[in-house]
Number of protein chains: 2
Amino acid sequence: MKFGVFGTGTVGVTIATKLHALGHEVMLGGRTAGKDSQLTFVKAHGARARSGTYADTAAFGEIVFNCTSGEGSLAALAAAGDVRLGDKILVDVSNPLDFSKGFPPSLLISNTDSLSEQLQRAHPRLKVVKTLNTVNAAVMTAPQNVANGDHDLFIAGDDAAAKRTVSELLQTFGWRAPIDLGDIKAARGMEAYLLLWVRLAGAMKTPSLNIRVMR
Amino acid sequence: MKFGVFGTGTVGVTIATKLHALGHEVMLGGRTAGKDSQLTFVKAHGARARSGTYADTAAFGEIVFNCTSGEGSLAALAAAGDVRLGDKILVDVSNPLDFSKGFPPSLLISNTDSLSEQLQRAHPRLKVVKTLNTVNAAVMTAPQNVANGDHDLFIAGDDAAAKRTVSELLQTFGWRAPIDLGDIKAARGMEAYLLLWVRLAGAMKTPSLNIRVMR
């Protein structure tokens, strides 16, 4: 399958590398096509690995991952353009973290809105599916490295078929089926959880952690 | 030991009943001393069970639990008064939930502040310890009813000794030692988690749930 990955930082490169390892064709997209991390990705993986602008990447991917920084996500999607994004699935992995006041970060959007909702409102035809944002990049693509995979991921979005597709894809990453929290407004809780996560990572002295829902 | 419990709703009555069952003297405090739930509590438990105003309850308790609604917490503490609250431990169980726009609720305070911080700022001598707010009342006092107690509680506050005292008390409730998230600002994440919790309770079709931190 063809995937586009927006975001040339650690999360984007890690997701792109995982998708490539699973046998997919992957384009790593940024503001330009020539950033170091993009060139390194293409050089390292050769066939099936490409780099492009956001617009190139939106056109290329049958499914697109948003791994840009939260503050850059709306601009990245605007640059990609509705003509190319169409009614594709956008897997929104990003968090609207605000590091401007130092660490720990606060959120740029919270409580009565979420970044995922903003992306969905700005691109109504897009099928925005929020997931993976509650763990760090290393855990996203290797869940077995935390407690042998015995922990939970969440998923939210307005389109049930899109959530099923993403859920199946996540299971090829090694995840068990994520817990469906409902419509895209559930992204509020998934993003707000980051305020707890940063404290947990401090308390546990590792970002390689996750939670398991018990009942 | 003598405990004061602010709040005559389900959470307050449940906590007061648990403390009484553990052999403590407990005063259940409200705006008045004569609310139905207070009279029922005293009648049901007789010796060692009392009711009072917030002021009575603050004076009575060596440790005070805040189980009022988030929107009523500042007023309850103001009514209790600094003279009576002094430098006691306040175990803040409350969440600043806003149900004014229906369900699911949003938060009255969030992201760059928390209810616990507001209570601490309003009463600087008080030792505010945030805990228990991430589970519902039934789980607070009977953690063994969820996954045989195999799940985690969090604790935050500026006073290390106060956190140790509360941690030991929670262990008499049946909890394992809570995860210390640091200073009272960590209450931001603990309160924001409620936005995820309400969705989880919907997805799991039960409020009798909690999370376990895995690494």
# chains A, B, ... in the order shown; residues from 1 in each chain; ligands from 1
>>> select_by_dssp(residues="stretch 92-185 of chain B", states="alpha helix (DSSP H)", output="list in words")
Leu115, Ser116, Glu117, Gln118, Leu119, Gln120, Arg121, Ala122, Ala137, Ala138, Val139, Met140, Thr141, Ala160, Ala161, Ala162, Lys163, Arg164, Thr165, Val166, Ser167, Glu168, Leu169, Leu170, Gln171, Thr172 and Phe173 of chain B
>>> write_last_selection(atoms="N, CA and C atoms", output="PDB file, in the first residue's frame")
ATOM      1  N   LEU B 115      -7.616  22.811  39.730  1.00  0.00           N
ATOM      2  CA  LEU B 115      -8.364  23.114  40.950  1.00  0.00           C
ATOM      3  C   LEU B 115      -7.461  22.990  42.182  1.00  0.00           C
ATOM      4  N   SER B 116      -6.657  21.956  42.232  1.00  0.00           N
ATOM      5  CA  SER B 116      -5.773  21.773  43.395  1.00  0.00           C
ATOM      6  C   SER B 116      -4.835  22.959  43.583  1.00  0.00           C
ATOM      7  N   GLU B 117      -4.301  23.463  42.478  1.00  0.00           N
ATOM      8  CA  GLU B 117      -3.417  24.635  42.594  1.00  0.00           C
ATOM      9  C   GLU B 117      -4.183  25.849  43.093  1.00  0.00           C
ATOM     10  N   GLN B 118      -5.429  25.991  42.630  1.00  0.00           N
ATOM     11  CA  GLN B 118      -6.241  27.127  43.097  1.00  0.00           C
ATOM     12  C   GLN B 118      -6.501  27.016  44.597  1.00  0.00           C
ATOM     13  N   LEU B 119      -6.803  25.811  45.061  1.00  0.00           N
ATOM     14  CA  LEU B 119      -7.026  25.614  46.498  1.00  0.00           C
ATOM     15  C   LEU B 119      -5.735  25.898  47.278  1.00  0.00           C
ATOM     16  N   GLN B 120      -4.612  25.438  46.736  1.00  0.00           N
ATOM     17  CA  GLN B 120      -3.331  25.659  47.408  1.00  0.00           C
ATOM     18  C   GLN B 120      -2.987  27.150  47.455  1.00  0.00           C
ATOM     19  N   ARG B 121      -3.227  27.851  46.351  1.00  0.00           N
ATOM     20  CA  ARG B 121      -2.917  29.291  46.328  1.00  0.00           C
ATOM     21  C   ARG B 121      -3.814  30.064  47.296  1.00  0.00           C
ATOM     22  N   ALA B 122      -5.075  29.639  47.388  1.00  0.00           N
ATOM     23  CA  ALA B 122      -6.023  30.333  48.268  1.00  0.00           C
ATOM     24  C   ALA B 122      -5.734  30.058  49.746  1.00  0.00           C
ATOM     25  N   ALA B 137     -16.133   6.819  42.906  1.00  0.00           N
ATOM     26  CA  ALA B 137     -16.204   6.640  44.358  1.00  0.00           C
ATOM     27  C   ALA B 137     -16.114   5.173  44.767  1.00  0.00           C
ATOM     28  N   ALA B 138     -16.791   4.309  44.014  1.00  0.00           N
ATOM     29  CA  ALA B 138     -16.791   2.885  44.380  1.00  0.00           C
ATOM     30  C   ALA B 138     -15.390   2.292  44.287  1.00  0.00           C
ATOM     31  N   VAL B 139     -14.629   2.717  43.280  1.00  0.00           N
ATOM     32  CA  VAL B 139     -13.261   2.207  43.114  1.00  0.00           C
ATOM     33  C   VAL B 139     -12.327   2.813  44.161  1.00  0.00           C
ATOM     34  N   MET B 140     -12.551   4.090  44.504  1.00  0.00           N
ATOM     35  CA  MET B 140     -11.706   4.755  45.509  1.00  0.00           C
ATOM     36  C   MET B 140     -11.569   3.936  46.781  1.00  0.00           C
ATOM     37  N   THR B 141     -12.696   3.391  47.215  1.00  0.00           N
ATOM     38  CA  THR B 141     -12.732   2.745  48.527  1.00  0.00           C
ATOM     39  C   THR B 141     -12.727   1.218  48.443  1.00  0.00           C
ATOM     40  N   ALA B 160       6.259  16.665  50.827  1.00  0.00           N
ATOM     41  CA  ALA B 160       6.622  15.239  50.718  1.00  0.00           C
ATOM     42  C   ALA B 160       6.084  14.437  51.901  1.00  0.00           C
ATOM     43  N   ALA B 161       6.159  15.003  53.100  1.00  0.00           N
ATOM     44  CA  ALA B 161       5.687  14.272  54.281  1.00  0.00           C
ATOM     45  C   ALA B 161       4.179  14.062  54.205  1.00  0.00           C
ATOM     46  N   ALA B 162       3.457  15.072  53.746  1.00  0.00           N
ATOM     47  CA  ALA B 162       2.003  14.943  53.597  1.00  0.00           C
ATOM     48  C   ALA B 162       1.661  13.849  52.587  1.00  0.00           C
ATOM     49  N   LYS B 163       2.423  13.787  51.499  1.00  0.00           N
ATOM     50  CA  LYS B 163       2.177  12.740  50.506  1.00  0.00           C
ATOM     51  C   LYS B 163       2.445  11.355  51.090  1.00  0.00           C
ATOM     52  N   ARG B 164       3.482  11.242  51.915  1.00  0.00           N
ATOM     53  CA  ARG B 164       3.752   9.936  52.544  1.00  0.00           C
ATOM     54  C   ARG B 164       2.604   9.525  53.451  1.00  0.00           C
ATOM     55  N   THR B 165       2.102  10.482  54.260  1.00  0.00           N
ATOM     56  CA  THR B 165       0.981  10.187  55.164  1.00  0.00           C
ATOM     57  C   THR B 165      -0.245   9.722  54.377  1.00  0.00           C
ATOM     58  N   VAL B 166      -0.545  10.428  53.291  1.00  0.00           N
ATOM     59  CA  VAL B 166      -1.730  10.080  52.489  1.00  0.00           C
ATOM     60  C   VAL B 166      -1.512   8.744  51.784  1.00  0.00           C
ATOM     61  N   SER B 167      -0.301   8.516  51.309  1.00  0.00           N
ATOM     62  CA  SER B 167       0.010   7.247  50.658  1.00  0.00           C
ATOM     63  C   SER B 167      -0.237   6.077  51.612  1.00  0.00           C
ATOM     64  N   GLU B 168       0.197   6.232  52.857  1.00  0.00           N
ATOM     65  CA  GLU B 168      -0.014   5.163  53.849  1.00  0.00           C
ATOM     66  C   GLU B 168      -1.498   4.969  54.137  1.00  0.00           C
ATOM     67  N   LEU B 169      -2.224   6.072  54.219  1.00  0.00           N
ATOM     68  CA  LEU B 169      -3.673   5.969  54.441  1.00  0.00           C
ATOM     69  C   LEU B 169      -4.345   5.226  53.279  1.00  0.00           C
ATOM     70  N   LEU B 170      -3.936   5.562  52.056  1.00  0.00           N
ATOM     71  CA  LEU B 170      -4.534   4.909  50.878  1.00  0.00           C
ATOM     72  C   LEU B 170      -4.268   3.405  50.883  1.00  0.00           C
ATOM     73  N   GLN B 171      -3.133   3.032  51.414  1.00  0.00           N
ATOM     74  CA  GLN B 171      -2.821   1.598  51.481  1.00  0.00           C
ATOM     75  C   GLN B 171      -3.745   0.878  52.463  1.00  0.00           C
ATOM     76  N   THR B 172      -4.244   1.595  53.476  1.00  0.00           N
ATOM     77  CA  THR B 172      -5.240   0.977  54.360  1.00  0.00           C
ATOM     78  C   THR B 172      -6.600   0.840  53.654  1.00  0.00           C
ATOM     79  N   PHE B 173      -6.787   1.613  52.570  1.00  0.00           N
ATOM     80  CA  PHE B 173      -8.005   1.463  51.753  1.00  0.00           C
ATOM     81  C   PHE B 173      -7.905   0.217  50.856  1.00  0.00           C
TER      82      PHE B 173
END
>>> interface_residues(of="chain A", to="chain B", cutoff="7 Å", atoms="only C-alpha atoms", output="PyMOL selection string")
chain A and resi 106-107+110-112+146-147+151+180-181+186+188-190+192-193+195-196+199-200+203+208-215
>>> write_last_selection(atoms="N, CA, C and O atoms", output="JSON list (two decimals), in the first residue's frame")
[["chain", "number", "residue", "atom", "x", "y", "z"],
["A", 106, "SER", "N", 2.52, 22.71, 28.20],
["A", 106, "SER", "CA", 1.06, 22.78, 28.30],
["A", 106, "SER", "C", 0.51, 22.48, 26.90],
["A", 106, "SER", "O", 1.24, 22.04, 26.01],
["A", 107, "LEU", "N", -0.76, 22.70, 26.71],
["A", 107, "LEU", "CA", -1.39, 22.41, 25.42],
["A", 107, "LEU", "C", -1.80, 23.71, 24.72],
["A", 107, "LEU", "O", -2.25, 24.66, 25.38],
["A", 110, "SER", "N", -7.16, 22.78, 24.04],
["A", 110, "SER", "CA", -7.53, 21.79, 25.06],
["A", 110, "SER", "C", -8.96, 21.95, 25.51],
["A", 110, "SER", "O", -9.63, 22.95, 25.20],
["A", 111, "ASN", "N", -9.42, 20.95, 26.23],
["A", 111, "ASN", "CA", -10.66, 20.96, 27.00],
["A", 111, "ASN", "C", -11.92, 20.94, 26.13],
["A", 111, "ASN", "O", -12.57, 19.92, 26.04],
["A", 112, "THR", "N", -12.25, 22.04, 25.47],
["A", 112, "THR", "CA", -13.47, 22.10, 24.67],
["A", 112, "THR", "C", -13.18, 22.00, 23.16],
["A", 112, "THR", "O", -14.07, 22.21, 22.34],
["A", 146, "VAL", "N", 7.31, -2.62, 25.53],
["A", 146, "VAL", "CA", 6.74, -2.25, 26.83],
["A", 146, "VAL", "C", 5.86, -3.41, 27.31],
["A", 146, "VAL", "O", 4.89, -3.77, 26.63],
["A", 147, "ALA", "N", 6.24, -4.01, 28.42],
["A", 147, "ALA", "CA", 5.43, -5.06, 29.06],
["A", 147, "ALA", "C", 4.94, -6.10, 28.05],
["A", 147, "ALA", "O", 3.77, -6.53, 28.11],
["A", 151, "HIS", "N", -0.61, -3.60, 26.87],
["A", 151, "HIS", "CA", -1.05, -2.24, 27.19],
["A", 151, "HIS", "C", -1.94, -1.75, 26.05],
["A", 151, "HIS", "O", -2.00, -2.40, 25.00],
["A", 180, "ASP", "N", -11.87, 1.81, 21.07],
["A", 180, "ASP", "CA", -12.58, 2.84, 20.31],
["A", 180, "ASP", "C", -13.31, 3.78, 21.26],
["A", 180, "ASP", "O", -14.27, 3.39, 21.93],
["A", 181, "LEU", "N", -12.85, 5.02, 21.34],
["A", 181, "LEU", "CA", -13.43, 5.99, 22.28],
["A", 181, "LEU", "C", -14.56, 6.80, 21.68],
["A", 181, "LEU", "O", -15.10, 7.69, 22.33],
["A", 186, "ALA", "N", -13.47, 12.78, 21.03],
["A", 186, "ALA", "CA", -12.73, 12.03, 22.04],
["A", 186, "ALA", "C", -11.24, 12.36, 22.00],
["A", 186, "ALA", "O", -10.51, 12.07, 22.95],
["A", 188, "ARG", "N", -10.10, 15.11, 22.45],
["A", 188, "ARG", "CA", -9.84, 16.04, 23.58],
["A", 188, "ARG", "C", -9.19, 15.31, 24.74],
["A", 188, "ARG", "O", -8.23, 15.80, 25.34],
["A", 189, "GLY", "N", -9.76, 14.18, 25.09],
["A", 189, "GLY", "CA", -9.21, 13.40, 26.21],
["A", 189, "GLY", "C", -7.87, 12.77, 25.86],
["A", 189, "GLY", "O", -6.98, 12.71, 26.70],
["A", 190, "MET", "N", -7.73, 12.32, 24.62],
["A", 190, "MET", "CA", -6.47, 11.68, 24.22],
["A", 190, "MET", "C", -5.33, 12.69, 24.20],
["A", 190, "MET", "O", -4.20, 12.35, 24.54],
["A", 192, "ALA", "N", -5.37, 15.63, 25.99],
["A", 192, "ALA", "CA", -5.22, 16.12, 27.36],
["A", 192, "ALA", "C", -4.43, 15.14, 28.23],
["A", 192, "ALA", "O", -3.74, 15.54, 29.18],
["A", 193, "TYR", "N", -4.51, 13.86, 27.88],
["A", 193, "TYR", "CA", -3.76, 12.83, 28.60],
["A", 193, "TYR", "C", -2.25, 13.13, 28.60],
["A", 193, "TYR", "O", -1.53, 12.71, 29.49],
["A", 195, "LEU", "N", -0.80, 15.72, 29.37],
["A", 195, "LEU", "CA", -0.44, 16.44, 30.61],
["A", 195, "LEU", "C", -0.13, 15.46, 31.74],
["A", 195, "LEU", "O", 0.69, 15.74, 32.61],
["A", 196, "LEU", "N", -0.81, 14.32, 31.72],
["A", 196, "LEU", "CA", -0.51, 13.26, 32.69],
["A", 196, "LEU", "C", 0.73, 12.50, 32.25],
["A", 196, "LEU", "O", 1.61, 12.18, 33.06],
["A", 199, "ARG", "N", 4.17, 13.81, 33.21],
["A", 199, "ARG", "CA", 4.47, 13.57, 34.63],
["A", 199, "ARG", "C", 4.78, 12.10, 34.89],
["A", 199, "ARG", "O", 5.64, 11.77, 35.70],
["A", 200, "LEU", "N", 4.07, 11.22, 34.21],
["A", 200, "LEU", "CA", 4.32, 9.79, 34.37],
["A", 200, "LEU", "C", 5.73, 9.43, 33.89],
["A", 200, "LEU", "O", 6.43, 8.66, 34.54],
["A", 203, "ALA", "N", 8.05, 10.42, 36.55],
["A", 203, "ALA", "CA", 7.96, 9.56, 37.74],
["A", 203, "ALA", "C", 8.57, 8.19, 37.47],
["A", 203, "ALA", "O", 9.22, 7.61, 38.35],
["A", 208, "SER", "N", 9.43, 5.22, 27.86],
["A", 208, "SER", "CA", 9.02, 3.93, 27.28],
["A", 208, "SER", "C", 7.98, 3.31, 28.21],
["A", 208, "SER", "O", 8.27, 2.39, 28.97],
["A", 209, "LEU", "N", 6.78, 3.85, 28.15],
["A", 209, "LEU", "CA", 5.72, 3.41, 29.05],
["A", 209, "LEU", "C", 4.38, 3.55, 28.34],
["A", 209, "LEU", "O", 4.25, 4.22, 27.32],
["A", 210, "ASN", "N", 3.40, 2.93, 28.90],
["A", 210, "ASN", "CA", 2.03, 3.12, 28.44],
["A", 210, "ASN", "C", 1.09, 2.66, 29.55],
["A", 210, "ASN", "O", 1.55, 2.24, 30.61],
["A", 211, "ILE", "N", -0.19, 2.79, 29.30],
["A", 211, "ILE", "CA", -1.17, 2.36, 30.30],
["A", 211, "ILE", "C", -2.00, 1.20, 29.76],
["A", 211, "ILE", "O", -2.15, 1.04, 28.55],
["A", 212, "ARG", "N", -2.48, 0.41, 30.69],
["A", 212, "ARG", "CA", -3.40, -0.67, 30.34],
["A", 212, "ARG", "C", -4.70, -0.38, 31.07],
["A", 212, "ARG", "O", -4.69, 0.01, 32.26],
["A", 213, "VAL", "N", -5.80, -0.49, 30.38],
["A", 213, "VAL", "CA", -7.10, -0.24, 31.01],
["A", 213, "VAL", "C", -7.55, -1.51, 31.71],
["A", 213, "VAL", "O", -7.56, -2.59, 31.10],
["A", 214, "MET", "N", -7.88, -1.38, 32.99],
["A", 214, "MET", "CA", -8.27, -2.53, 33.81],
["A", 214, "MET", "C", -9.72, -2.35, 34.25],
["A", 214, "MET", "O", -10.16, -1.25, 34.56],
["A", 215, "ARG", "N", -10.42, -3.44, 34.32],
["A", 215, "ARG", "CA", -11.77, -3.37, 34.87],
["A", 215, "ARG", "C", -12.13, -4.66, 35.58],
["A", 215, "ARG", "O", -11.35, -5.59, 35.57]]
>>> residues_around(residues="A:Ala75", least_positions_apart="5", cutoff="10 Å", atoms="only C-alpha atoms", output="ChimeraX atom specification")
/A:31,54,68,70,80-81,119
>>> write_last_selection(atoms="N, CA and C atoms", output="PDB file, in the first residue's frame")
ATOM      1  N   ARG A  31       8.046  20.485   4.445  1.00  0.00           N
ATOM      2  CA  ARG A  31       7.826  21.747   3.729  1.00  0.00           C
ATOM      3  C   ARG A  31       8.548  21.717   2.390  1.00  0.00           C
ATOM      4  N   TYR A  54       4.647  18.442   1.277  1.00  0.00           N
ATOM      5  CA  TYR A  54       3.347  18.016   1.806  1.00  0.00           C
ATOM      6  C   TYR A  54       2.374  17.712   0.671  1.00  0.00           C
ATOM      7  N   THR A  68       3.385  15.793  12.153  1.00  0.00           N
ATOM      8  CA  THR A  68       4.001  17.112  12.319  1.00  0.00           C
ATOM      9  C   THR A  68       3.816  17.560  13.772  1.00  0.00           C
ATOM     10  N   GLY A  70       2.289  19.752  16.686  1.00  0.00           N
ATOM     11  CA  GLY A  70       0.925  20.243  16.784  1.00  0.00           C
ATOM     12  C   GLY A  70       0.758  21.640  16.231  1.00  0.00           C
ATOM     13  N   ALA A  80      -0.734  20.896   1.886  1.00  0.00           N
ATOM     14  CA  ALA A  80      -1.046  19.665   1.142  1.00  0.00           C
ATOM     15  C   ALA A  80      -2.207  19.903   0.185  1.00  0.00           C
ATOM     16  N   GLY A  81      -3.230  20.600   0.668  1.00  0.00           N
ATOM     17  CA  GLY A  81      -4.337  20.984  -0.200  1.00  0.00           C
ATOM     18  C   GLY A  81      -5.450  19.961  -0.278  1.00  0.00           C
ATOM     19  N   LEU A 119      -8.355  19.967  12.672  1.00  0.00           N
ATOM     20  CA  LEU A 119      -7.969  19.421  11.357  1.00  0.00           C
ATOM     21  C   LEU A 119      -9.215  18.927  10.612  1.00  0.00           C
TER      22      LEU A 119
END
>>> select_by_dssp(residues="stretch 55-114 of chain A", states="strand (DSSP E)", output="MDAnalysis selection string")
chainID A and resid 63:66 89:92 97:98 106:107
>>> residues_around(residues="B:Ser94", least_positions_apart="6", cutoff="10 Å", atoms="only C-alpha atoms", output="list in words")
Gly7, Val11, Gly12, Phe65, Asn66, Cys67, Thr68, Ser69, Gly70, Glu71, Gly72, Ser73, Leu115, Ser116, Lys130, Thr131, Leu132, Asn133, Thr134 and Glu191 of chain B
>>> residues_around(residues="A:Val42", least_positions_apart="3", cutoff="12 Å", atoms="only C-alpha atoms", output="CSV table (one decimal) with C-alpha atoms, in the first residue's frame")
chain,number,residue,atom,x,y,z
A,13,VAL,CA,10.8,9.1,10.4
A,16,ALA,CA,7.7,6.0,7.9
A,17,THR,CA,10.5,3.5,8.6
A,20,HIS,CA,8.5,0.7,4.9
A,25,GLU,CA,5.6,2.3,-0.3
A,26,VAL,CA,6.2,5.4,1.8
A,27,MET,CA,6.8,9.0,1.0
A,28,LEU,CA,8.1,11.2,3.9
A,29,GLY,CA,6.8,14.7,3.4
A,33,ALA,CA,11.5,17.4,-0.2
A,34,GLY,CA,15.2,17.9,0.7
A,35,LYS,CA,15.5,18.0,4.4
A,36,ASP,CA,18.4,15.9,5.8
A,37,SER,CA,16.0,13.4,7.5
A,38,GLN,CA,14.1,12.9,4.3
A,39,LEU,CA,17.3,12.3,2.2
A,45,HIS,CA,15.7,2.4,2.3
A,46,GLY,CA,16.0,2.9,-1.5
A,47,ALA,CA,13.2,1.2,-3.3
A,48,ARG,CA,9.7,2.0,-2.0
A,49,ALA,CA,11.1,5.0,0.0
A,50,ARG,CA,10.5,8.6,-1.3
A,51,SER,CA,10.6,12.1,-0.1
A,52,GLY,CA,8.3,15.0,-1.1
>>> decode(residues="stretch 130-139 of chain B", atoms="all heavy atoms", output="short mmCIF file (atom, residue, chain, number, x, y, z; two decimals), in the first residue's frame")
data_model
loop_
_atom_site.label_atom_id
_atom_site.label_comp_id
_atom_site.auth_asym_id
_atom_site.auth_seq_id
_atom_site.Cartn_x
_atom_site.Cartn_y
_atom_site.Cartn_z
N LYS B 130 -3.22 15.96 46.02
CA LYS B 130 -4.20 15.48 45.03
C LYS B 130 -4.08 13.97 44.88
O LYS B 130 -2.98 13.46 44.65
CB LYS B 130 -3.92 16.13 43.67
CG LYS B 130 -5.00 15.82 42.62
CD LYS B 130 -6.11 16.80 42.74
CE LYS B 130 -7.29 16.59 41.86
NZ LYS B 130 -8.20 17.76 41.95
N THR B 131 -5.20 13.28 44.99
CA THR B 131 -5.21 11.84 44.73
C THR B 131 -6.65 11.37 44.60
O THR B 131 -7.59 12.14 44.89
CB THR B 131 -4.47 11.05 45.83
OG1 THR B 131 -4.22 9.71 45.37
CG2 THR B 131 -5.25 11.00 47.13
N LEU B 132 -6.85 10.14 44.18
CA LEU B 132 -8.15 9.46 44.12
C LEU B 132 -9.10 10.01 43.05
O LEU B 132 -10.11 9.38 42.74
CB LEU B 132 -8.87 9.48 45.48
CG LEU B 132 -8.33 8.55 46.57
CD1 LEU B 132 -9.02 8.85 47.90
CD2 LEU B 132 -8.52 7.08 46.21
N ASN B 133 -8.80 11.20 42.51
CA ASN B 133 -9.74 11.84 41.58
C ASN B 133 -9.85 11.13 40.24
O ASN B 133 -10.73 11.45 39.45
CB ASN B 133 -9.33 13.30 41.33
CG ASN B 133 -8.09 13.39 40.46
OD1 ASN B 133 -7.05 12.88 40.84
ND2 ASN B 133 -8.21 14.00 39.30
N THR B 134 -8.95 10.17 39.99
CA THR B 134 -8.93 9.50 38.68
C THR B 134 -9.78 8.22 38.64
O THR B 134 -9.78 7.52 37.62
CB THR B 134 -7.48 9.16 38.26
OG1 THR B 134 -6.86 8.44 39.34
CG2 THR B 134 -6.69 10.44 37.99
N VAL B 135 -10.47 7.94 39.74
CA VAL B 135 -11.39 6.78 39.76
C VAL B 135 -12.71 7.21 40.39
O VAL B 135 -12.78 8.23 41.08
CB VAL B 135 -10.80 5.59 40.55
CG1 VAL B 135 -9.62 4.99 39.80
CG2 VAL B 135 -10.40 5.99 41.96
N ASN B 136 -13.74 6.42 40.16
CA ASN B 136 -15.03 6.81 40.75
C ASN B 136 -15.11 6.37 42.21
O ASN B 136 -14.23 5.65 42.71
CB ASN B 136 -16.20 6.33 39.89
CG ASN B 136 -16.59 4.89 40.16
OD1 ASN B 136 -15.80 4.11 40.69
ND2 ASN B 136 -17.80 4.54 39.77
N ALA B 137 -16.13 6.82 42.91
CA ALA B 137 -16.20 6.64 44.36
C ALA B 137 -16.11 5.17 44.77
O ALA B 137 -15.42 4.83 45.73
CB ALA B 137 -17.50 7.26 44.89
N ALA B 138 -16.79 4.31 44.01
CA ALA B 138 -16.79 2.89 44.38
C ALA B 138 -15.39 2.29 44.29
O ALA B 138 -15.00 1.47 45.12
CB ALA B 138 -17.76 2.12 43.48
N VAL B 139 -14.63 2.72 43.28
CA VAL B 139 -13.26 2.21 43.11
C VAL B 139 -12.33 2.81 44.16
O VAL B 139 -11.42 2.15 44.67
CB VAL B 139 -12.75 2.47 41.68
CG1 VAL B 139 -11.32 1.95 41.50
CG2 VAL B 139 -13.67 1.82 40.65
#
